Amino acid sequence: MDSLLENYFNPAILAQYFPSVLAGFWVTLLVALSVIAIGIGLGLLLAILRCFCGRLVNALIVIFVDVFRTLPQLVVIVFVYFGLPYAGLTLSPFAATVASLGAVLSAFAAEIFWAAIQTTPRGQWDGAKALGLGFTGTMFLILLPQAIRLAVPLLANRAISITKGTALGTAVSLPEILGQAQSAMAIAANPSPLTLAAALYLALFLPLVAASRWLERRPKWVR
Amino acid sequence: MDLFLENFANVDSLMRVYPLLLQGLRLTALLALATLPIALLTGLVIGVLYGLHRRWLNVFLIGWIDLFRSFPVLVLLILIFYGLPFLGLTLGSFAAVVMALTLNNSGYYGEIFRAGIEAVPHGQREAARTLGLRPLQTMFLVVLPQALRGVLAPLASNSLELVKSTSIAALVALPELLRSARVAQEQTYNPTPLTAVAIIFFLLLFPFTRIVAKLERDLLARSR
């Protein structure tokens, strides 16, 4: 029991490394928010473009979506950070992580939005046309509001699971929570900083997971 | 363009590292095959236990599910691989990865099975009891078969995510596909192995991505 406290909840070490792990917390938070903003924004844009554009653009969108839905997040991050410099594109760990996870989330979001738009019954189009709405009006006033509502639970789950991928940034030496805790652990020769990291991740993601549980349940009693 | 091809699709480099990648592929497949059944079974047990509706057990199970859904799987892996040895429990990298993926996915699968079982109308249980079935018989003969049909899409989706996340094993020096590619890249000073591994992952997983997308679209259409 003593060794458990000594190793995992060592107060002196926890206090000493708290500031550096907390600095990692802000990096994690910033990456997470950027990934969500880019992923959902780009995903929505791609889904809308896919409804408006011709065959060539659609094919490109489908390829983008398929590639980033299929590849493991870590493979994308490692490729972007270690592979792209050979093509003359060198990104910082922060930019590489945000770009990779953002691309992955946008692929999933595009697919979810697009599928949600597709499920709209044909009659909605006819009704909108009868009211004198054009294609754009129908899209933004009729279809999207319904599609977004339908997409929210699925999207929330995806966004959370991909945002958790922020921890993968340690692979390209992004100084986020896990990376900071690991280097602190190496210096202190004690895993207490890892406990701290675990606690910070829980503080960040447990409320989100609980909220997504609520979101999934909500539609039943709203209707 | 020539320079681009020479960098990203270099045949010489590919021939040299080909055995390394093959070995990586074997390990990735092994990891997936070892973890999938264990994680699925753990999730099923969690779902079934929840279905027994014992108050304190359910509070504990929801806590378990949400706890492991909240941890990034890499954090679990690092805790297990680098943290546990301080307690005198040293796991090999393969065992540590299987354990981390299993714990993480027990949360995901557990929630899927739990929600699926809860979605079966309560009348089914009452009818089964009227017929004289015992609680476990009710669960396995009446409730579970109906629940499984509803959870096929999320199960498939999560299984795909599990296979993809085996690549985190690269970070505890287990030479699966991604790690092999990194080693090969450092040997050849050339990113071709990384391209090759991305292509291997894509070819292997793409059919499943499409199947999962189809299942999810059907689910979305039904939820409307």
# chains A, B, ... in the order shown; residues from 1 in each chain; ligands from 1

call {"tool": "interface_residues", "arguments": {"of": "chain A", "to": "chain B", "cutoff": "7 Å", "atoms": "only C-alpha atoms", "output": "PyMOL selection string"}}
result
chain A and resi 4+7+67+70-72+74-75+79+83+86-87+115-116+119+164-165+167-168+171+178+191+194+201-202+205-206+209

call {"tool": "write_last_selection", "arguments": {"atoms": "N, CA and C atoms", "output": "mmCIF file, in the first residue's frame"}}
result
data_model
loop_
_atom_site.group_PDB
_atom_site.id
_atom_site.type_symbol
_atom_site.label_atom_id
_atom_site.label_comp_id
_atom_site.auth_asym_id
_atom_site.auth_seq_id
_atom_site.Cartn_x
_atom_site.Cartn_y
_atom_site.Cartn_z
ATOM 1 N N LEU A 4 2.416 1.779 -3.246
ATOM 2 C CA LEU A 4 1.430 2.294 -4.200
ATOM 3 C C LEU A 4 1.352 3.815 -4.093
ATOM 4 N N ASN A 7 4.654 5.472 -5.226
ATOM 5 C CA ASN A 7 4.908 5.449 -6.660
ATOM 6 C C ASN A 7 3.913 6.254 -7.480
ATOM 7 N N VAL A 67 -10.049 7.851 -47.801
ATOM 8 C CA VAL A 67 -8.668 7.716 -47.319
ATOM 9 C C VAL A 67 -8.580 8.044 -45.836
ATOM 10 N N THR A 70 -10.253 5.647 -43.451
ATOM 11 C CA THR A 70 -9.683 4.296 -43.400
ATOM 12 C C THR A 70 -8.353 4.242 -42.658
ATOM 13 N N LEU A 71 -7.490 5.238 -42.880
ATOM 14 C CA LEU A 71 -6.154 5.154 -42.280
ATOM 15 C C LEU A 71 -6.207 5.395 -40.771
ATOM 16 N N PRO A 72 -5.424 4.627 -39.996
ATOM 17 C CA PRO A 72 -5.331 4.889 -38.559
ATOM 18 C C PRO A 72 -4.789 6.300 -38.322
ATOM 19 N N LEU A 74 -2.806 7.513 -36.154
ATOM 20 C CA LEU A 74 -1.366 7.612 -35.901
ATOM 21 C C LEU A 74 -0.568 7.510 -37.199
ATOM 22 N N VAL A 75 -1.050 6.684 -38.131
ATOM 23 C CA VAL A 75 -0.367 6.562 -39.418
ATOM 24 C C VAL A 75 -0.400 7.897 -40.149
ATOM 25 N N PHE A 79 2.903 10.044 -40.964
ATOM 26 C CA PHE A 79 3.181 10.334 -42.373
ATOM 27 C C PHE A 79 3.330 11.835 -42.590
ATOM 28 N N GLY A 83 6.993 12.113 -43.150
ATOM 29 C CA GLY A 83 7.040 11.867 -44.584
ATOM 30 C C GLY A 83 7.010 13.130 -45.425
ATOM 31 N N TYR A 86 9.987 15.380 -46.901
ATOM 32 C CA TYR A 86 10.663 14.971 -48.132
ATOM 33 C C TYR A 86 10.039 15.630 -49.351
ATOM 34 N N ALA A 87 8.771 16.038 -49.209
ATOM 35 C CA ALA A 87 8.110 16.737 -50.310
ATOM 36 C C ALA A 87 8.236 18.242 -50.132
ATOM 37 N N ALA A 115 -24.755 11.660 -45.308
ATOM 38 C CA ALA A 115 -25.747 10.604 -45.106
ATOM 39 C C ALA A 115 -27.024 11.185 -44.532
ATOM 40 N N ALA A 116 -26.882 12.158 -43.609
ATOM 41 C CA ALA A 116 -28.061 12.761 -42.995
ATOM 42 C C ALA A 116 -28.866 13.539 -44.029
ATOM 43 N N THR A 119 -30.946 11.228 -46.241
ATOM 44 C CA THR A 119 -32.125 10.554 -45.707
ATOM 45 C C THR A 119 -33.375 11.429 -45.789
ATOM 46 N N LYS A 164 -9.729 12.587 -28.660
ATOM 47 C CA LYS A 164 -8.873 11.844 -27.748
ATOM 48 C C LYS A 164 -7.550 11.466 -28.405
ATOM 49 N N GLY A 165 -7.538 11.434 -29.737
ATOM 50 C CA GLY A 165 -6.313 11.140 -30.481
ATOM 51 C C GLY A 165 -5.231 12.183 -30.280
ATOM 52 N N ALA A 167 -3.611 12.688 -27.822
ATOM 53 C CA ALA A 167 -2.514 12.036 -27.114
ATOM 54 C C ALA A 167 -1.497 11.443 -28.093
ATOM 55 N N LEU A 168 -1.961 11.124 -29.314
ATOM 56 C CA LEU A 168 -1.043 10.557 -30.309
ATOM 57 C C LEU A 168 0.027 11.565 -30.717
ATOM 58 N N ALA A 171 3.762 11.162 -30.268
ATOM 59 C CA ALA A 171 4.608 10.425 -31.220
ATOM 60 C C ALA A 171 5.452 11.379 -32.062
ATOM 61 N N LEU A 178 0.238 13.995 -22.178
ATOM 62 C CA LEU A 178 0.927 12.711 -22.064
ATOM 63 C C LEU A 178 2.435 12.867 -22.261
ATOM 64 N N PRO A 191 6.298 7.178 -11.522
ATOM 65 C CA PRO A 191 5.165 7.364 -12.441
ATOM 66 C C PRO A 191 4.053 8.279 -11.928
ATOM 67 N N LEU A 194 2.271 10.411 -14.392
ATOM 68 C CA LEU A 194 1.294 9.713 -15.237
ATOM 69 C C LEU A 194 -0.089 9.718 -14.598
ATOM 70 N N TYR A 201 -6.767 14.024 -18.172
ATOM 71 C CA TYR A 201 -7.558 13.526 -19.295
ATOM 72 C C TYR A 201 -8.990 13.255 -18.872
ATOM 73 N N LEU A 202 -9.144 12.662 -17.678
ATOM 74 C CA LEU A 202 -10.499 12.394 -17.190
ATOM 75 C C LEU A 202 -11.268 13.690 -17.010
ATOM 76 N N PHE A 205 -12.307 14.727 -20.566
ATOM 77 C CA PHE A 205 -13.167 13.907 -21.422
ATOM 78 C C PHE A 205 -14.369 13.289 -20.724
ATOM 79 N N LEU A 206 -14.277 13.076 -19.392
ATOM 80 C CA LEU A 206 -15.413 12.461 -18.708
ATOM 81 C C LEU A 206 -16.695 13.290 -18.867
ATOM 82 N N VAL A 209 -18.002 12.663 -22.398
ATOM 83 C CA VAL A 209 -18.609 11.337 -22.558
ATOM 84 C C VAL A 209 -19.988 11.317 -21.913
#

call {"tool": "residues_around", "arguments": {"residues": "stretch 142-149 of chain B", "least_positions_apart": "2", "cutoff": "9 Å", "atoms": "only C-alpha atoms", "output": "ChimeraX atom specification"}}
result
/B:48,113,115-121,124-125,128,137-140,151-153

call {"tool": "write_last_selection", "arguments": {"atoms": "C-alpha atoms", "output": "PDB file, in the first residue's frame"}}
result
ATOM      1  CA  VAL B  48     -25.473  -8.766 -20.022  1.00  0.00           C
ATOM      2  CA  PHE B 113     -24.293  -4.075 -25.918  1.00  0.00           C
ATOM      3  CA  ALA B 115     -27.779   0.150 -25.107  1.00  0.00           C
ATOM      4  CA  GLY B 116     -28.820  -2.647 -27.473  1.00  0.00           C
ATOM      5  CA  ILE B 117     -30.113  -4.841 -24.656  1.00  0.00           C
ATOM      6  CA  GLU B 118     -31.963  -1.940 -23.037  1.00  0.00           C
ATOM      7  CA  ALA B 119     -33.622  -1.124 -26.361  1.00  0.00           C
ATOM      8  CA  VAL B 120     -35.448  -4.474 -26.436  1.00  0.00           C
ATOM      9  CA  PRO B 121     -39.001  -3.757 -25.209  1.00  0.00           C
ATOM     10  CA  GLN B 124     -40.351  -9.380 -24.094  1.00  0.00           C
ATOM     11  CA  ARG B 125     -38.869 -10.098 -20.685  1.00  0.00           C
ATOM     12  CA  ALA B 128     -40.454 -14.816 -21.269  1.00  0.00           C
ATOM     13  CA  GLN B 137     -32.490 -18.084 -20.275  1.00  0.00           C
ATOM     14  CA  THR B 138     -34.549 -14.955 -20.872  1.00  0.00           C
ATOM     15  CA  MET B 139     -31.383 -12.991 -21.548  1.00  0.00           C
ATOM     16  CA  PHE B 140     -29.720 -15.462 -23.906  1.00  0.00           C
ATOM     17  CA  VAL B 151     -26.230  -3.149 -32.665  1.00  0.00           C
ATOM     18  CA  LEU B 152     -24.600  -4.574 -35.777  1.00  0.00           C
ATOM     19  CA  ALA B 153     -23.614  -1.166 -37.197  1.00  0.00           C
TER      20      ALA B 153
END

call {"tool": "atom_distance", "arguments": {"atom1": "atom CA of A:Ile13", "atom2": "atom CA of A:Leu196"}}
result
10.2 Å

call {"tool": "atom_distance", "arguments": {"atom1": "atom CA of A:Leu105", "atom2": "atom CA of A:Leu155"}}
result
9.2 Å

call {"tool": "closest_residue", "arguments": {"among": "B:Gly51, B:Gly43, B:Gly88, B:Pro37", "to": "B:Leu136", "atoms": "only C-alpha atoms"}}
result
B:Gly51

call {"tool": "select_by_dssp", "arguments": {"residues": "stretch 21-221 of chain A", "states": "alpha helix (DSSP H)", "output": "number ranges by chain"}}
result
A: 21-52, 55-70, 73-78, 93-118, 122-130, 135-137, 144-163, 177-188, 192-221

call {"tool": "write_last_selection", "arguments": {"atoms": "C-alpha atoms", "output": "short mmCIF file (atom, residue, chain, number, x, y, z; two decimals), in the first residue's frame"}}
result
data_model
loop_
_atom_site.label_atom_id
_atom_site.label_comp_id
_atom_site.auth_asym_id
_atom_site.auth_seq_id
_atom_site.Cartn_x
_atom_site.Cartn_y
_atom_site.Cartn_z
CA VAL A 21 1.85 18.76 -16.97
CA LEU A 22 -0.70 21.56 -16.67
CA ALA A 23 1.08 23.37 -19.51
CA GLY A 24 0.50 20.18 -21.49
CA PHE A 25 -3.18 20.37 -20.58
CA TRP A 26 -3.51 23.74 -22.34
CA VAL A 27 -1.78 22.35 -25.43
CA THR A 28 -4.16 19.37 -25.43
CA LEU A 29 -7.14 21.68 -25.05
CA LEU A 30 -5.97 23.95 -27.87
CA VAL A 31 -5.33 21.01 -30.21
CA ALA A 32 -8.71 19.49 -29.31
CA LEU A 33 -10.62 22.71 -30.00
CA SER A 34 -8.77 23.34 -33.27
CA VAL A 35 -9.42 19.78 -34.43
CA ILE A 36 -13.14 20.06 -33.67
CA ALA A 37 -13.44 23.45 -35.39
CA ILE A 38 -11.52 22.36 -38.50
CA GLY A 39 -13.03 18.87 -38.63
CA ILE A 40 -16.67 19.86 -38.32
CA GLY A 41 -16.33 23.01 -40.43
CA LEU A 42 -14.51 21.26 -43.26
CA GLY A 43 -16.77 18.21 -42.98
CA LEU A 44 -19.90 20.33 -43.38
CA LEU A 45 -18.33 22.19 -46.29
CA LEU A 46 -17.40 18.93 -48.05
CA ALA A 47 -20.89 17.50 -47.53
CA ILE A 48 -22.51 20.62 -49.01
CA LEU A 49 -20.05 20.74 -51.92
CA ARG A 50 -20.84 17.10 -52.61
CA CYS A 51 -24.48 18.04 -53.12
CA PHE A 52 -23.73 21.02 -55.35
CA ARG A 55 -18.80 14.47 -60.90
CA LEU A 56 -15.09 15.33 -60.76
CA VAL A 57 -15.28 17.31 -57.52
CA ASN A 58 -17.46 14.60 -56.01
CA ALA A 59 -14.96 11.91 -56.92
CA LEU A 60 -12.18 13.91 -55.23
CA ILE A 61 -14.30 14.40 -52.11
CA VAL A 62 -15.14 10.69 -51.98
CA ILE A 63 -11.45 9.76 -52.27
CA PHE A 64 -10.52 12.23 -49.51
CA VAL A 65 -13.27 10.90 -47.24
CA ASP A 66 -12.40 7.25 -47.89
CA VAL A 67 -8.67 7.72 -47.32
CA PHE A 68 -8.98 9.59 -44.05
CA ARG A 69 -11.75 7.39 -42.70
CA THR A 70 -9.68 4.30 -43.40
CA GLN A 73 -4.90 8.35 -37.01
CA LEU A 74 -1.37 7.61 -35.90
CA VAL A 75 -0.37 6.56 -39.42
CA VAL A 76 -1.66 9.88 -40.75
CA ILE A 77 0.17 11.88 -38.07
CA VAL A 78 3.45 10.02 -38.60
CA PRO A 93 4.31 19.02 -34.20
CA PHE A 94 1.30 21.18 -33.37
CA ALA A 95 0.40 21.85 -37.01
CA ALA A 96 0.99 18.23 -37.99
CA THR A 97 -1.27 16.89 -35.22
CA VAL A 98 -4.04 19.43 -35.83
CA ALA A 99 -3.94 18.96 -39.62
CA SER A 100 -3.98 15.15 -39.38
CA LEU A 101 -6.73 14.82 -36.79
CA GLY A 102 -8.67 17.65 -38.43
CA ALA A 103 -8.56 15.82 -41.76
CA VAL A 104 -9.70 12.56 -40.13
CA LEU A 105 -12.58 14.22 -38.28
CA SER A 106 -13.63 16.17 -41.38
CA ALA A 107 -13.80 12.90 -43.36
CA PHE A 108 -16.09 11.29 -40.77
CA ALA A 109 -18.14 14.48 -40.39
CA ALA A 110 -18.57 14.84 -44.16
CA GLU A 111 -19.85 11.28 -44.39
CA ILE A 112 -22.26 11.76 -41.47
CA PHE A 113 -23.62 15.09 -42.78
CA TRP A 114 -23.95 13.74 -46.28
CA ALA A 115 -25.75 10.60 -45.11
CA ALA A 116 -28.06 12.76 -42.99
CA ILE A 117 -28.87 15.00 -45.98
CA GLN A 118 -29.52 11.91 -48.10
CA ARG A 122 -38.09 13.35 -51.53
CA GLY A 123 -41.28 15.23 -50.59
CA GLN A 124 -39.22 17.90 -48.82
CA TRP A 125 -37.60 18.87 -52.14
CA ASP A 126 -40.97 19.01 -53.85
CA GLY A 127 -42.47 21.04 -51.03
CA ALA A 128 -39.59 23.51 -51.12
CA LYS A 129 -39.90 23.86 -54.89
CA ALA A 130 -43.63 24.47 -54.57
CA PHE A 135 -31.55 24.73 -54.81
CA THR A 136 -29.52 26.89 -52.43
CA GLY A 137 -32.54 27.96 -50.43
CA LEU A 144 -29.39 21.30 -43.49
CA PRO A 145 -31.30 22.21 -40.32
CA GLN A 146 -32.89 18.74 -40.28
CA ALA A 147 -29.70 16.97 -41.28
CA ILE A 148 -27.62 18.68 -38.60
CA ARG A 149 -30.13 17.75 -35.91
CA LEU A 150 -30.04 14.14 -37.10
CA ALA A 151 -26.24 14.13 -37.24
CA VAL A 152 -25.54 15.53 -33.78
CA PRO A 153 -25.40 12.31 -31.68
CA LEU A 154 -23.24 10.44 -34.21
CA LEU A 155 -21.06 13.48 -34.73
CA ALA A 156 -20.55 14.05 -31.00
CA ASN A 157 -19.30 10.51 -30.51
CA ARG A 158 -16.91 10.77 -33.45
CA ALA A 159 -15.65 14.18 -32.38
CA ILE A 160 -14.89 12.90 -28.87
CA SER A 161 -13.13 9.75 -30.02
CA ILE A 162 -10.99 11.62 -32.56
CA THR A 163 -10.22 14.46 -30.15
CA ILE A 177 -0.39 16.19 -21.39
CA LEU A 178 0.93 12.71 -22.06
CA GLY A 179 4.23 13.87 -23.52
CA GLN A 180 4.87 16.23 -20.62
CA ALA A 181 3.99 13.51 -18.11
CA GLN A 182 6.24 10.99 -19.81
CA SER A 183 9.26 13.25 -19.75
CA ALA A 184 8.52 14.16 -16.12
CA MET A 185 8.30 10.45 -15.32
CA ALA A 186 11.66 9.84 -16.97
CA ILE A 187 13.34 12.63 -14.98
CA ALA A 188 11.72 11.77 -11.63
CA SER A 192 3.21 9.89 -10.34
CA PRO A 193 3.16 12.38 -13.25
CA LEU A 194 1.29 9.71 -15.24
CA THR A 195 -1.40 9.62 -12.55
CA LEU A 196 -1.64 13.37 -12.93
CA ALA A 197 -1.95 13.02 -16.70
CA ALA A 198 -4.68 10.40 -16.30
CA ALA A 199 -6.58 12.70 -13.95
CA LEU A 200 -6.32 15.63 -16.37
CA TYR A 201 -7.56 13.53 -19.30
CA LEU A 202 -10.50 12.39 -17.19
CA ALA A 203 -11.25 15.99 -16.23
CA LEU A 204 -11.33 16.88 -19.92
CA PHE A 205 -13.17 13.91 -21.42
CA LEU A 206 -15.41 12.46 -18.71
CA PRO A 207 -17.85 15.43 -18.93
CA LEU A 208 -17.90 15.08 -22.72
CA VAL A 209 -18.61 11.34 -22.56
CA ALA A 210 -21.39 11.97 -20.03
CA ALA A 211 -22.80 14.72 -22.27
CA SER A 212 -22.81 12.43 -25.30
CA ARG A 213 -24.75 9.86 -23.27
CA TRP A 214 -27.31 12.58 -22.60
CA LEU A 215 -27.38 13.64 -26.27
CA GLU A 216 -28.13 10.10 -27.39
CA ARG A 217 -31.02 9.79 -25.01
CA ARG A 218 -32.50 13.20 -25.76
CA PRO A 219 -34.25 12.67 -29.13
CA LYS A 220 -36.64 10.14 -27.57
CA TRP A 221 -38.25 12.60 -25.21
#

call {"tool": "atom_distance", "arguments": {"atom1": "atom CA of B:Ala100", "atom2": "atom CA of B:Glu176"}}
result
15.9 Å
